[in-house]
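Peer 1: I'd like to ask you about the structure that follows.
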Amino acid sequence: MFTPSATSPVMKIAFYRSTSIGDVVLATACVDLLRQIPVPVQITWVGRKPALQLIASAFPEIKAVEVDPDQSNFQEKAVQELKDIHFLIDLQTNLRSQLLCRALKRGHKIPSYVCYKRSIDRGTMIISSRLRGRRRALPDSYVVSAHHQFLIMTGALKQALAVHLPVEMLDGLDKIQAYPLLPTMHDSGQKPWQKELKFGRWLAVATGAAHEAKKTPINLLRDILELLNRHLRQDPDMRDQSIGLLFVGNDKDRESALGILDSIDWPGPVLNLAGKLSLWETALALKDTDALLCNDSGLLHVAEAVGTPVAALFGPTVEAFGFSPWRTESKAFSSLLGCRPCSKHGQLDCRFGDKLCFGLIQPPPIVDHLKTLMKRKTVNGSI
């Protein structure tokens with residue numbers, strides 16, 4: 001266990017992670033870890049919009065430094081902002097971040113610690129899928145996450161703390177369990193849509209993803225919602241409940257939501273807020289829902305960080321990349337199609353042109369999972 005020091009100086013730590021939204025949210029596990037050590041800490045977060053705005057909104061105490069790596073004065077500006085820190089955690093791990101670390105070391109003797117993202121492992125999986133094709137099934141190990149990305153990130157922070165914490169505080173450091181979090185307690189909750197979400201039960205749906213290939217076909221989402229609707233109507237514990245649908249995402253996702261709503265007869269209230277909310281407001285909305293149906297996307301991680309379990313559909317990417325849900329109530333759904341994964345980030349179009357990785361996902365198990373999530377409060381007597 002830690003032994004608090006009576007005169008601990010403030011430890012000044014900076015994190016550099018600017019993209020993607022999901023990775024930035026996962027990196028908040030580092031903030032959770034720092035909250036569990038008995039040393040006062042000042043955190044600086046170097047990033048860019050919109051993810052940086054999310055960090056600033058969730059953690060008002062964190063100093064948010066916006067940078068544009070594409071500008072010529074990026075390094076100069078970042079070094080100026082970070083010249084007084086004790087060390088930097090490089091969670092971006094690209095060429096620009098490496099150059100920034102070198103500049104801090106050279107100009108101010110500030111050390112940095114790097115988070116290695118298992119890129120080689122991912123590349124090996126992709127090569128294997130190319131060789132395997134569709135002739136053989138995907139290995140079972142590909143559909144589980146043995147190395148969650150947020151654990152790799154907190155591992156880099158623990159490495160730094162092992163160097164910079166007083167020796168009497170190192171006992172127990174390796175046992176700290178930290179998870180992604182986006183605190184929302186400081187929000188007033190007075191927006192009209194927040195008040196509406198307080199009534200009844202709500203299932204959130206996020207149709208989008210960073211890349212088109214990672215988006216679940218609309219017909220599969222429609223089939224899942226239609227089957228869920230039938231099951232809820234037949235369930236004696238749920239048929240008298242008001243079950244609403246909340247759609248979140250960007251403007252393109254709004255059009256997708258309208259396409260789904262045109263083809264299903266959902267009996268409960270519907271809020272299509274896709275394209276209408278900021279990223280922080282989306283986090284607040286997800287906080288008030290019972291579950292999220294989504295792709296392998298940033299909103300998967302936003303939902304879990306505010307305490308909302310998910311049913312996540314994985315197509316061209318695989319859970320073994322480390323981005324699958326981590327909450328025990330959440331589940332990932334995918335197929336054992338041997339050509340998965342297509343690419344490191346799911347950015348490439350299906351080379352077979354049919355997105356069969358999604359086509360083989362069956363709605364019934366997803367619906368059973370969503371029913372379990374939607375029934376939790378009813379079974380526990382909270383409603």
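Residues in the structure tokens are numbered from 1 in each chain, the chains being A, B, ... in the order shown, and ligands are numbered from 1 in the order shown.
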Please provide the set of residues having any atom within 9 Å of Val79 of chain A, restricted to only C-alpha atoms, with same-chain residues fewer than 2 positions apart removed, written as number ranges by chain.
Peer 2: A: 74-77, 81-83, 100-101, 103-104, 107-108
Peer 1: Residues of segment 82-225 of chain A in strand (DSSP E) according to DSSP, as a VMD selection string?
Peer 2: chain A and resid 87 to 90 112 to 114 201 to 206
Peer 1: Using N, CA and C atoms, can you write the selected residues to a file as a PDB file, in the first residue's frame?
Peer 2:
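Dumped to again.pdb:
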```pdb
ATOM      1  N   PHE A  87       7.763  15.417 -16.627  1.00  0.00           N
ATOM      2  CA  PHE A  87       7.958  14.414 -17.678  1.00  0.00           C
ATOM      3  C   PHE A  87       6.724  14.365 -18.575  1.00  0.00           C
ATOM      4  N   LEU A  88       6.936  13.817 -19.769  1.00  0.00           N
ATOM      5  CA  LEU A  88       5.876  13.708 -20.783  1.00  0.00           C
ATOM      6  C   LEU A  88       5.592  12.236 -21.064  1.00  0.00           C
ATOM      7  N   ILE A  89       4.300  11.899 -21.167  1.00  0.00           N
ATOM      8  CA  ILE A  89       3.893  10.565 -21.597  1.00  0.00           C
ATOM      9  C   ILE A  89       3.442  10.681 -23.050  1.00  0.00           C
ATOM     10  N   ASP A  90       4.196  10.083 -23.945  1.00  0.00           N
ATOM     11  CA  ASP A  90       3.890  10.139 -25.374  1.00  0.00           C
ATOM     12  C   ASP A  90       2.961   8.985 -25.729  1.00  0.00           C
ATOM     13  N   SER A 112      10.854  11.733 -21.383  1.00  0.00           N
ATOM     14  CA  SER A 112       9.559  11.291 -21.921  1.00  0.00           C
ATOM     15  C   SER A 112       9.497   9.772 -21.881  1.00  0.00           C
ATOM     16  N   TYR A 113       8.274   9.271 -21.857  1.00  0.00           N
ATOM     17  CA  TYR A 113       8.032   7.832 -21.794  1.00  0.00           C
ATOM     18  C   TYR A 113       7.023   7.487 -22.880  1.00  0.00           C
ATOM     19  N   VAL A 114       7.322   6.451 -23.621  1.00  0.00           N
ATOM     20  CA  VAL A 114       6.564   6.139 -24.829  1.00  0.00           C
ATOM     21  C   VAL A 114       5.638   4.955 -24.600  1.00  0.00           C
ATOM     22  N   ARG A 201     -37.000   4.381 -20.508  1.00  0.00           N
ATOM     23  CA  ARG A 201     -35.764   3.661 -20.809  1.00  0.00           C
ATOM     24  C   ARG A 201     -35.302   4.072 -22.200  1.00  0.00           C
ATOM     25  N   TRP A 202     -33.987   4.125 -22.409  1.00  0.00           N
ATOM     26  CA  TRP A 202     -33.463   4.588 -23.684  1.00  0.00           C
ATOM     27  C   TRP A 202     -32.346   3.684 -24.180  1.00  0.00           C
ATOM     28  N   LEU A 203     -32.451   3.304 -25.438  1.00  0.00           N
ATOM     29  CA  LEU A 203     -31.379   2.599 -26.133  1.00  0.00           C
ATOM     30  C   LEU A 203     -30.741   3.583 -27.104  1.00  0.00           C
ATOM     31  N   ALA A 204     -29.444   3.805 -26.970  1.00  0.00           N
ATOM     32  CA  ALA A 204     -28.729   4.681 -27.891  1.00  0.00           C
ATOM     33  C   ALA A 204     -28.212   3.861 -29.071  1.00  0.00           C
ATOM     34  N   VAL A 205     -28.211   4.486 -30.243  1.00  0.00           N
ATOM     35  CA  VAL A 205     -27.718   3.844 -31.456  1.00  0.00           C
ATOM     36  C   VAL A 205     -26.744   4.802 -32.134  1.00  0.00           C
ATOM     37  N   ALA A 206     -25.538   4.313 -32.426  1.00  0.00           N
ATOM     38  CA  ALA A 206     -24.538   5.104 -33.145  1.00  0.00           C
ATOM     39  C   ALA A 206     -24.193   4.342 -34.417  1.00  0.00           C
TER      40      ALA A 206
END
```
Peer 1: Show which residues sit within 6 Å of segment 355-364 of chain A, as a PDB file with N, CA and C atoms, in the first residue's frame. Count only C-alpha atoms, and ignore same-chain residues fewer than 5 positions away.
Peer 2:
```pdb
ATOM      1  N   ILE A 224     -31.768  -5.759 -36.339  1.00  0.00           N
ATOM      2  CA  ILE A 224     -31.555  -5.882 -34.891  1.00  0.00           C
ATOM      3  C   ILE A 224     -32.646  -5.131 -34.132  1.00  0.00           C
ATOM      4  N   GLY A 315     -16.475  -5.457 -37.632  1.00  0.00           N
ATOM      5  CA  GLY A 315     -16.434  -6.008 -38.977  1.00  0.00           C
ATOM      6  C   GLY A 315     -15.015  -6.215 -39.454  1.00  0.00           C
ATOM      7  N   SER A 334     -19.032 -10.327 -33.549  1.00  0.00           N
ATOM      8  CA  SER A 334     -18.317 -10.372 -34.816  1.00  0.00           C
ATOM      9  C   SER A 334     -18.441 -11.770 -35.407  1.00  0.00           C
ATOM     10  N   SER A 335     -17.894 -11.950 -36.589  1.00  0.00           N
ATOM     11  CA  SER A 335     -17.897 -13.251 -37.245  1.00  0.00           C
ATOM     12  C   SER A 335     -16.497 -13.848 -37.221  1.00  0.00           C
ATOM     13  N   CYS A 350     -13.641  -3.208 -48.373  1.00  0.00           N
ATOM     14  CA  CYS A 350     -13.625  -4.670 -48.452  1.00  0.00           C
ATOM     15  C   CYS A 350     -13.060  -5.104 -49.805  1.00  0.00           C
TER      16      CYS A 350
END
```
Peer 1: Could you check which of A:Gly346, A:Pro267, A:Pro40, A:Pro180 is closest to Met153 of chain A, using only C-alpha atoms?
Peer 2: A:Pro180
Peer 1: Leaving out Leu221 of chain A and any residue of its chain fewer than 2 positions from it, which residues lie within 12 Å of it when counting only C-alpha atoms, given as a count of residues only?
Peer 2: 36
Peer 1: Identify all residues of segment 123-188 of chain A in alpha helix (DSSP H) (DSSP on the backbone) and supply them as a PyMOL selection string.
Peer 2: chain A and resi 123-132+149-164
Peer 1: So how many Å separate atom CA of Ala64 of chain A and atom CA of Ala27 of chain A, to one decimal?
Peer 2: 14.3 Å
Peer 1: Using only C-alpha atoms for the distances, tell me which of A:Gly338, A:Pro69, A:Pro139, A:Pro60 is nearest to Ile43 of chain A.
Peer 2: A:Pro60
